[in-house]
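Inspection log for the structure reproduced underneath, given as C-alpha cells.
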Amino acid sequence: MTEIRSYANSDREAVVELALRAWEPVHASMRRVLGEMLCRRLIPDWRESQRATVTEDLDSDSSHVWVAVREDTVAGFAAVHLKPDDKAGEVHLVAVDPDHQGRGVGRALIDHATVWIAEQGMTTAMVETGGDEGHRPARALYENAGYTALPVVRYFRAL
C-alpha cells in the first residue's frame, strides 16, 4: 500500500537520491537522442542540475510537495506549482525510485496532486515530459491518469 503525505525536511536526502536514480535512464536517453557533445553543452552535469531543480522545489514556499511512502521508505515524490492567474496547477516534478516503479506509486502521486490542484480551485492541471524513449513511462502514466498530450517539438543544434 502506498501512503501519500506532505514532504518533511527529514525526507530531503531520500527525495534527492531517489530523484537522481529515477532520472538516470531519462538522461541516458537524452544523451542517445542529442549526442554526447550537445548534451554536455545543454546539461554539463545532469546530476548537479537535477539536484538543484529538486532542492529548489523542496525549499520553495510556492511549491507543494508530497512523498509516497511504501514499507516505511520514501518511494517517490511530486511537486506542484499553482498558477492562480491561469486557474491552473502544474505538476512540476514527479519521480519514483526505480525499486518501487511499476507498483502504482507514480499513479498515486499524480492522482493526489491532480485532486489537490482541483481542491485549490484550479480548473486545469498540466504536466510536461519528454518525447524520447526515456520519458515513455512518464507519458504512459500521465495518459493513464487522464491527461491529454499536446505534442511539442524542440530542436537543438550544436554551434
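Going by the C-alpha cells order, chains are called A, B, ..., each with residues numbered from 1, while ligands are numbered from 1 in the order shown.
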
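Surrounding region 110-124 of chain A within 8 Å are Ile4, Ala78, Ala79, Val80, Leu82, Pro84, Lys87, Ala88, Gly89, Val91, Val94, Gly106, Tyr142 and Ala145 of chain A, with only C-alpha atoms counted and residues fewer than 4 positions along the same chain left out.
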
(request) Could you give me, as a PyMOL selection string, the residues within 10 Å of Ala149 (chain A), counting only C-alpha atoms and dropping anything in the same chain fewer than 2 positions from it? (result) chain A and resi 126-129+139+142-143+146-147+151-152

Residues of region 3-22 of chain A that approach region 41-51 of chain A to 8 Å or less, counting only C-alpha atoms: could you list each one with the shortest pair of atoms and its distance in Å to one decimal, rows by chain and increasing residue number, as a Markdown table?
| residue | atom | partner | partner_atom | distance |
| --- | --- | --- | --- | --- |
| A:Val16 | CA | A:Arg51 | CA | 6.3 |
| A:Ala19 | CA | A:Gln50 | CA | 7.8 |
| A:Leu20 | CA | A:Arg47 | CA | 6.5 |

Within 7 Å of Val105 (chain A), counting only C-alpha atoms, which residues qualify if same-chain residues fewer than 5 places away don't, as a PDB file with C-alpha atoms, in the first residue's frame?
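Writing done, so here's out11.pdb:
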ATOM      1  CA  THR A   2       1.229   3.483  -0.853  1.00  0.00           C
ATOM      2  CA  ALA A  68       4.872   8.464  -1.425  1.00  0.00           C
ATOM      3  CA  GLY A  76       8.584   8.771  -4.719  1.00  0.00           C
ATOM      4  CA  VAL A  96       9.565   7.221  -8.327  1.00  0.00           C
TER       5      VAL A  96
END

(request) Grab the CA of Glu24 (chain A) to CA of Ser10 (chain A) distance for me, in Å with one decimal place. (result)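 Separating CA of Glu24 (chain A) from CA of Ser10 (chain A) is a distance of 23.4 Å.
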
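Minimum atom-to-atom distances from A:Ala140, A:Met37, A:Ala8, A:Arg21 to Phe156 (chain A) were compared using only C-alpha atoms, and the lowest value belongs to A:Met37.
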
(request) Check the DSSP output for the backbone and give back, as a VMD selection string, the residues of chain A in helix (DSSP H, G or I). (result) chain A and resid 9 to 34 36 to 42 46 to 59 84 to 86 98 to 100 105 to 119 133 to 144
